[in-house]
Amino acid sequence: MRLHALAAFSLIVCASFAHAADGGAAKVQNYRDRNFDYFVSGDPSQPRAAHTEFGLALMGGGGKLDSAYRFIAQHAGGGHIVILRAVSDDSFDPGDGNYGESFAKEWGPVVSAETIVFHNREASSDPRVIAALKNADGIFLAGGDQSNYIRYWKGTPVQELLDAHVAANRPIGGSSAGLAILGRYSYGALDGGSMESKVALANPFDKGVTLESDFLHYRHLEDVITDTHFSQRHRLGRLIAFLARLDAPAAGRGAGKIFGIGVDEKTALLIGADGIGRLTAGSAGSAWIVMPRHPASNLVAGKPLSMADIRLVQLGAASSFDLKTRGVSKPAAETTITIRDGKLVGDSIAAAILTRDKPLPGED
């Protein structure tokens with residue numbers, strides 16, 4: 001446990017969160033519990049927002065993008081924001097990216113911003129966690145390790161509440177690991193590593209290709225798998241391999257049903273109630289839409305992938321993407337690619353983001 005962080009935040013043990021719905025009036029304080037940590041800015045006991053709007057903020061990670069967080073705060077009606085994080089031990093430092101303070105002071109104003117840091121699955125059934133999520137007008141899923149989110153939340157009240165939150169036309173956003181789980185389908189990183197494109201293309205059934213097909217269920221993302229740090233970590237190859245697995249005839253979904261959205265670092269794709277996605281102002285990179293048209297011609301365990309006729313669309317500042325029809329307006333670039341024996345056939349915009357030799361130092 002990081003004692004300097006404890007001292008800096010004057011963490012005080014409290015019996016419960018004080019939410020208006022529960023009639024609580026006591027001032028809520030930061031504290032650490034056995035199963036989760038809690039940090040707060042503002043007053044969660046105040047009334048909820050009078051009006052909220054549906055919104056999805058798909059953030060690629062690699063740094064904060066103010067306009068994407070303002071999107072969440074605005075669609076939450078300036079009400080109560082809940083930030084969810086997860087770690088596998090008790091070492092979380094609240095000073096490491098204090099989203100609550102930023103929502104309260106930079107991206108709002110909001111009435112309150114509560115951060116809950118899960119340490120285990122038991123926290124997902126804690127009445128205080130459940131009360132906070134029920135009171136949320138907007139939710140943000142921070143970066144880290146998406147396998148913790150899946151292990152701690154799948155099949156728990158938290159999973160149900162996240163689905164219910166968006167179904168009630170309230171916004172949610174995720175960055176890095178938080179983005180990785182927003183689609184109906186997701187790469188879970190359940191082996192403890194991070195799948196590299198060259199490995200996935202060489203064998204789409206590698207033990208590290210851990211795919212989830214029934215986690216979160218959000219409007220407009222029903223047929224989507226997302227990926228993060230996309231261009232910077234050359235993740236096109238692995239996303240194609242994931243799609244080959246998900247769209248395989250044996251999966252029974254039909255060729256081309258599932259498509260991929262990859263988001264670059266310091267970039268966010270914002271999706272409104274109309275299902276139209278656009279890059280937020282200030283995005284440093286692109287969003288990429290990956291749409292296979294046919295099943296893989298060679299999808300065998302231990303063998304490199306072969307897959308033809310994959311549509312790749314790059315979204316830029318002037319682009320928009322209709323998730324309902326998969327139509328694109330003003331793409332920054334567009335091409336059709338083929339993978340043969342795990343390699344790109346020909347040269348295209350795909351070559352620069354398909355694979356890399358090895359991860360860079362310091363990646364999480």
# chains A, B, ... in the order shown; residues from 1 in each chain; ligands from 1
$ closest_atom_pairs --of "range 250-356 of chain A" --to "range 58-69 of chain A" --cutoff "6 Å" --atoms "only C-alpha atoms" --output "Markdown table"
| residue | atom | partner | partner_atom | distance |
| --- | --- | --- | --- | --- |
| A:Val263 | CA | A:Gly60 | CA | 4.6 |
| A:Asp264 | CA | A:Gly60 | CA | 5.0 |
| A:Glu265 | CA | A:Gly60 | CA | 4.7 |
| A:Lys266 | CA | A:Gly63 | CA | 5.4 |
| A:Thr267 | CA | A:Gly60 | CA | 5.7 |
| A:Ala268 | CA | A:Met59 | CA | 4.2 |
| A:Leu269 | CA | A:Leu58 | CA | 5.0 |
$ residues_around --residues "Ser231 in chain A" --least-positions-apart "4" --cutoff "12 Å" --atoms "only C-alpha atoms" --output "VMD selection string"
chain A and resid 60 to 62 197 227 235 to 239 261 to 267 284 to 288 314 349 to 356
$ residues_around --residues "Ala164 in chain A" --least-positions-apart "3" --cutoff "12 Å" --atoms "only C-alpha atoms" --output "ChimeraX atom specification"
/A:54,133-139,157-161,167-172,216-219
$ write_last_selection --atoms "C-alpha atoms" --output "CSV table (one decimal), in the first residue's frame"
chain,number,residue,atom,x,y,z
A,54,PHE,CA,-27.4,9.0,-24.4
A,133,LEU,CA,-23.9,3.3,-9.8
A,134,LYS,CA,-27.6,3.6,-9.4
A,135,ASN,CA,-27.1,7.3,-8.7
A,136,ALA,CA,-24.8,8.0,-11.6
A,137,ASP,CA,-25.8,10.4,-14.3
A,138,GLY,CA,-22.6,9.6,-16.3
A,139,ILE,CA,-19.9,6.9,-16.0
A,157,PRO,CA,-24.8,-6.4,-10.3
A,158,VAL,CA,-22.2,-4.1,-11.7
A,159,GLN,CA,-22.6,-5.6,-15.2
A,160,GLU,CA,-26.3,-5.2,-14.9
A,161,LEU,CA,-26.1,-1.7,-13.7
A,167,ALA,CA,-30.4,1.9,-21.5
A,168,ALA,CA,-31.7,4.8,-19.5
A,169,ASN,CA,-30.1,7.3,-21.9
A,170,ARG,CA,-27.2,8.2,-19.8
A,171,PRO,CA,-23.6,8.6,-21.1
A,172,ILE,CA,-20.7,6.3,-20.6
A,216,LEU,CA,-21.7,-5.2,-22.0
A,217,HIS,CA,-24.7,-4.5,-24.2
A,218,TYR,CA,-25.0,-1.0,-25.5
A,219,ARG,CA,-27.1,0.4,-28.3
$ select_by_dssp --residues "range 142-320 of chain A" --states "alpha helix (DSSP H)" --output "PyMOL selection string"
chain A and resi 146-153+157-167+177-180+197-202+236-246
$ residues_around --residues "Leu179 in chain A" --least-positions-apart "2" --cutoff "7 Å" --atoms "only C-alpha atoms" --output "MDAnalysis selection string"
chainID A and resid 58:60 174:177 181:182 226 228
$ write_last_selection --atoms "N, CA and C atoms" --output "compact mmCIF listing (two decimals), in the first residue's frame"
# COMPACT_ATOMS: atom_id res chain seq x y z
N LEU A 58 -15.65 6.80 -27.00
CA LEU A 58 -14.68 5.73 -27.25
C LEU A 58 -13.30 6.37 -27.36
N MET A 59 -12.50 6.25 -26.30
CA MET A 59 -11.21 6.94 -26.21
C MET A 59 -10.07 5.94 -26.33
N GLY A 60 -9.11 6.24 -27.20
CA GLY A 60 -8.04 5.30 -27.50
C GLY A 60 -6.97 5.16 -26.45
N GLY A 174 -15.10 5.22 -22.11
CA GLY A 174 -14.01 4.38 -21.66
C GLY A 174 -12.75 4.72 -22.40
N SER A 175 -11.62 4.67 -21.69
CA SER A 175 -10.33 4.96 -22.28
C SER A 175 -9.41 3.76 -22.11
N SER A 176 -8.68 3.39 -23.15
CA SER A 176 -7.74 2.29 -23.10
C SER A 176 -8.49 1.02 -22.67
N ALA A 177 -8.16 0.45 -21.51
CA ALA A 177 -8.86 -0.76 -21.06
C ALA A 177 -10.36 -0.52 -20.93
N ILE A 181 -13.64 -2.82 -23.41
CA ILE A 181 -14.79 -3.63 -23.03
C ILE A 181 -16.13 -3.00 -23.40
N LEU A 182 -16.14 -1.87 -24.12
CA LEU A 182 -17.40 -1.19 -24.39
C LEU A 182 -18.24 -1.91 -25.43
N THR A 226 -14.06 -3.43 -30.04
CA THR A 226 -13.21 -2.23 -30.07
C THR A 226 -11.76 -2.60 -29.81
N THR A 228 -7.72 -0.45 -28.93
CA THR A 228 -7.17 0.76 -28.35
C THR A 228 -5.73 0.99 -28.78
$ atom_distance --atom1 "CA of Ala308 in chain A" --atom2 "CA of Asp223 in chain A"
20.2 Å
$ residues_around --residues "range 332-337 of chain A" --least-positions-apart "6" --cutoff "7 Å" --atoms "only C-alpha atoms" --output "PyMOL selection string"
chain A and resi 308-316+319
$ write_last_selection --atoms "N, CA and C atoms" --output "PDB file, in the first residue's frame"
ATOM      1  N   ALA A 308      -9.606 -12.522 -47.152  1.00  0.00           N
ATOM      2  CA  ALA A 308      -9.643 -11.568 -48.271  1.00  0.00           C
ATOM      3  C   ALA A 308     -10.784 -10.575 -48.107  1.00  0.00           C
ATOM      4  N   ASP A 309     -10.657  -9.471 -48.842  1.00  0.00           N
ATOM      5  CA  ASP A 309     -11.753  -8.512 -48.996  1.00  0.00           C
ATOM      6  C   ASP A 309     -12.184  -7.892 -47.663  1.00  0.00           C
ATOM      7  N   ILE A 310     -11.222  -7.318 -46.969  1.00  0.00           N
ATOM      8  CA  ILE A 310     -11.493  -6.643 -45.693  1.00  0.00           C
ATOM      9  C   ILE A 310     -11.521  -5.142 -45.954  1.00  0.00           C
ATOM     10  N   ARG A 311     -12.640  -4.519 -45.671  1.00  0.00           N
ATOM     11  CA  ARG A 311     -12.758  -3.075 -45.881  1.00  0.00           C
ATOM     12  C   ARG A 311     -12.168  -2.347 -44.682  1.00  0.00           C
ATOM     13  N   LEU A 312     -11.255  -1.410 -44.955  1.00  0.00           N
ATOM     14  CA  LEU A 312     -10.613  -0.607 -43.923  1.00  0.00           C
ATOM     15  C   LEU A 312     -10.875   0.865 -44.215  1.00  0.00           C
ATOM     16  N   VAL A 313     -11.484   1.552 -43.238  1.00  0.00           N
ATOM     17  CA  VAL A 313     -11.828   2.964 -43.403  1.00  0.00           C
ATOM     18  C   VAL A 313     -11.169   3.772 -42.292  1.00  0.00           C
ATOM     19  N   GLN A 314     -10.491   4.842 -42.678  1.00  0.00           N
ATOM     20  CA  GLN A 314      -9.884   5.759 -41.716  1.00  0.00           C
ATOM     21  C   GLN A 314     -10.789   6.972 -41.552  1.00  0.00           C
ATOM     22  N   LEU A 315     -11.181   7.261 -40.301  1.00  0.00           N
ATOM     23  CA  LEU A 315     -12.003   8.430 -40.017  1.00  0.00           C
ATOM     24  C   LEU A 315     -11.114   9.574 -39.557  1.00  0.00           C
ATOM     25  N   GLY A 316     -11.310  10.731 -40.169  1.00  0.00           N
ATOM     26  CA  GLY A 316     -10.586  11.932 -39.792  1.00  0.00           C
ATOM     27  C   GLY A 316     -11.516  12.980 -39.220  1.00  0.00           C
ATOM     28  N   SER A 319     -14.866  13.402 -40.968  1.00  0.00           N
ATOM     29  CA  SER A 319     -15.603  12.162 -41.247  1.00  0.00           C
ATOM     30  C   SER A 319     -16.725  11.927 -40.245  1.00  0.00           C
TER      31      SER A 319
END
$ select_by_dssp --residues "range 162-318 of chain A" --states "strand (DSSP E or B)" --output "JSON, numbers by chain"
{"A": [172, 173, 174, 175, 185, 186, 187, 211, 212, 224, 225, 226, 227, 259, 260, 261, 262, 263, 268, 269, 270, 271, 276, 277, 278, 279, 287, 288, 289, 290, 291, 292, 298, 306, 307, 308, 309, 310, 311, 312, 313, 314, 315]}
$ residues_around --residues "range 293-304 of chain A" --least-positions-apart "5" --cutoff "7 Å" --atoms "only C-alpha atoms" --output "mmCIF file with all heavy atoms, in the first residue's frame"
data_model
loop_
_atom_site.group_PDB
_atom_site.id
_atom_site.type_symbol
_atom_site.label_atom_id
_atom_site.label_comp_id
_atom_site.auth_asym_id
_atom_site.auth_seq_id
_atom_site.Cartn_x
_atom_site.Cartn_y
_atom_site.Cartn_z
ATOM 1 N N LEU A 201 -1.952 -13.000 -36.035
ATOM 2 C CA LEU A 201 -2.035 -13.347 -37.457
ATOM 3 C C LEU A 201 -1.366 -14.689 -37.739
ATOM 4 O O LEU A 201 -1.800 -15.439 -38.620
ATOM 5 C CB LEU A 201 -1.389 -12.257 -38.305
ATOM 6 C CG LEU A 201 -2.154 -10.939 -38.416
ATOM 7 C CD1 LEU A 201 -1.326 -9.902 -39.158
ATOM 8 C CD2 LEU A 201 -3.500 -11.131 -39.105
ATOM 9 N N ALA A 202 -0.320 -14.999 -36.995
ATOM 10 C CA ALA A 202 0.372 -16.280 -37.190
ATOM 11 C C ALA A 202 -0.446 -17.449 -36.670
ATOM 12 O O ALA A 202 -0.305 -18.582 -37.171
ATOM 13 C CB ALA A 202 1.737 -16.254 -36.508
ATOM 14 N N ASN A 203 -1.300 -17.191 -35.689
ATOM 15 C CA ASN A 203 -2.160 -18.236 -35.134
ATOM 16 C C ASN A 203 -3.330 -17.581 -34.412
ATOM 17 O O ASN A 203 -3.217 -17.229 -33.232
ATOM 18 C CB ASN A 203 -1.387 -19.135 -34.168
ATOM 19 C CG ASN A 203 -2.277 -20.192 -33.538
ATOM 20 O OD1 ASN A 203 -3.393 -20.456 -34.003
ATOM 21 N ND2 ASN A 203 -1.806 -20.794 -32.458
ATOM 22 N N PRO A 204 -4.469 -17.383 -35.078
ATOM 23 C CA PRO A 204 -5.619 -16.742 -34.434
ATOM 24 C C PRO A 204 -6.158 -17.514 -33.232
ATOM 25 O O PRO A 204 -6.981 -16.977 -32.486
ATOM 26 C CB PRO A 204 -6.656 -16.676 -35.554
ATOM 27 C CG PRO A 204 -5.871 -16.742 -36.814
ATOM 28 C CD PRO A 204 -4.705 -17.644 -36.509
ATOM 29 N N PHE A 205 -5.696 -18.739 -33.035
ATOM 30 C CA PHE A 205 -6.126 -19.545 -31.894
ATOM 31 C C PHE A 205 -5.045 -19.611 -30.811
ATOM 32 O O PHE A 205 -5.111 -20.469 -29.928
ATOM 33 C CB PHE A 205 -6.506 -20.949 -32.345
ATOM 34 C CG PHE A 205 -7.759 -20.991 -33.169
ATOM 35 C CD1 PHE A 205 -7.713 -20.845 -34.551
ATOM 36 C CD2 PHE A 205 -9.002 -21.158 -32.576
ATOM 37 C CE1 PHE A 205 -8.863 -20.880 -35.317
ATOM 38 C CE2 PHE A 205 -10.163 -21.176 -33.330
ATOM 39 C CZ PHE A 205 -10.098 -21.046 -34.712
ATOM 40 N N ALA A 244 -11.872 -12.477 -37.490
ATOM 41 C CA ALA A 244 -11.916 -13.773 -38.158
ATOM 42 C C ALA A 244 -12.512 -14.830 -37.237
ATOM 43 O O ALA A 244 -13.317 -15.670 -37.660
ATOM 44 C CB ALA A 244 -10.518 -14.182 -38.614
ATOM 45 N N ASP A 247 -16.380 -13.878 -36.584
ATOM 46 C CA ASP A 247 -17.228 -14.013 -37.771
ATOM 47 C C ASP A 247 -17.117 -15.380 -38.432
ATOM 48 O O ASP A 247 -17.668 -15.588 -39.510
ATOM 49 C CB ASP A 247 -16.867 -12.931 -38.805
ATOM 50 C CG ASP A 247 -17.593 -11.611 -38.535
ATOM 51 O OD1 ASP A 247 -18.701 -11.658 -37.971
ATOM 52 O OD2 ASP A 247 -17.061 -10.554 -38.893
ATOM 53 N N ALA A 248 -16.424 -16.312 -37.802
ATOM 54 C CA ALA A 248 -16.269 -17.645 -38.393
ATOM 55 C C ALA A 248 -17.627 -18.331 -38.532
ATOM 56 O O ALA A 248 -18.512 -18.146 -37.687
ATOM 57 C CB ALA A 248 -15.341 -18.489 -37.527
ATOM 58 N N ALA A 255 -21.381 -14.171 -42.008
ATOM 59 C CA ALA A 255 -20.168 -13.489 -42.453
ATOM 60 C C ALA A 255 -20.340 -11.976 -42.397
ATOM 61 O O ALA A 255 -21.338 -11.426 -42.857
ATOM 62 C CB ALA A 255 -19.818 -13.927 -43.871
ATOM 63 N N GLY A 256 -19.355 -11.303 -41.803
ATOM 64 C CA GLY A 256 -19.359 -9.854 -41.782
ATOM 65 C C GLY A 256 -20.289 -9.227 -40.768
ATOM 66 O O GLY A 256 -20.442 -8.007 -40.754
ATOM 67 N N ASP A 309 -10.657 -9.471 -48.842
ATOM 68 C CA ASP A 309 -11.753 -8.512 -48.996
ATOM 69 C C ASP A 309 -12.184 -7.892 -47.663
ATOM 70 O O ASP A 309 -13.353 -7.918 -47.289
ATOM 71 C CB ASP A 309 -12.941 -9.201 -49.675
ATOM 72 C CG ASP A 309 -13.852 -8.217 -50.405
ATOM 73 O OD1 ASP A 309 -13.416 -7.083 -50.656
ATOM 74 O OD2 ASP A 309 -14.998 -8.594 -50.701
ATOM 75 N N ILE A 310 -11.222 -7.318 -46.969
ATOM 76 C CA ILE A 310 -11.493 -6.643 -45.693
ATOM 77 C C ILE A 310 -11.521 -5.142 -45.954
ATOM 78 O O ILE A 310 -10.527 -4.566 -46.416
ATOM 79 C CB ILE A 310 -10.411 -6.964 -44.656
ATOM 80 C CG1 ILE A 310 -10.266 -8.478 -44.475
ATOM 81 C CG2 ILE A 310 -10.719 -6.282 -43.330
ATOM 82 C CD1 ILE A 310 -8.980 -8.879 -43.781
ATOM 83 N N ASP A 341 -1.663 -15.995 -45.511
ATOM 84 C CA ASP A 341 -0.662 -16.657 -44.662
ATOM 85 C C ASP A 341 -0.083 -15.694 -43.621
ATOM 86 O O ASP A 341 1.120 -15.652 -43.367
ATOM 87 C CB ASP A 341 0.461 -17.248 -45.524
ATOM 88 C CG ASP A 341 -0.040 -18.369 -46.418
ATOM 89 O OD1 ASP A 341 -0.989 -19.073 -46.014
ATOM 90 O OD2 ASP A 341 0.507 -18.521 -47.525
ATOM 91 N N GLY A 342 -0.977 -14.892 -43.032
ATOM 92 C CA GLY A 342 -0.587 -13.987 -41.962
ATOM 93 C C GLY A 342 0.085 -12.705 -42.402
ATOM 94 O O GLY A 342 0.501 -11.911 -41.552
#
$ closest_residue --among "A:Asn148, A:Ser112, A:Ser283, A:Ser194" --to "Gly42 in chain A" --atoms "only C-alpha atoms"
A:Ser112
$ closest_residue --among "A:Tyr185, A:Phe71, A:Trp107, A:Phe230" --to "Leu246 in chain A" --atoms "only C-alpha atoms"
A:Tyr185
$ closest_residue --among "A:Glu106, A:Asp33, A:Glu122, A:Asp322" --to "Tyr152 in chain A" --atoms "only C-alpha atoms"
A:Glu122
$ atom_distance --atom1 "CA of Ala131 in chain A" --atom2 "CA of Glu212 in chain A"
27.1 Å
$ closest_residue --among "A:Gly192, A:Gly77, A:Pro127, A:Gly277" --to "Pro109 in chain A" --atoms "only C-alpha atoms"
A:Gly77
$ residues_around --residues "Gly193 in chain A" --least-positions-apart "3" --cutoff "12 Å" --atoms "only C-alpha atoms" --output "VMD selection string"
chain A and resid 145 to 147 187 to 190 196 207 to 210 359 363 to 364
$ closest_residue --among "A:Gly362, A:Arg48, A:Phe39, A:Ser186" --to "Glu101 in chain A" --atoms "only C-alpha atoms"
A:Phe39
$ atom_distance --atom1 "CA of Pro44 in chain A" --atom2 "CA of Gly178 in chain A"
23.1 Å
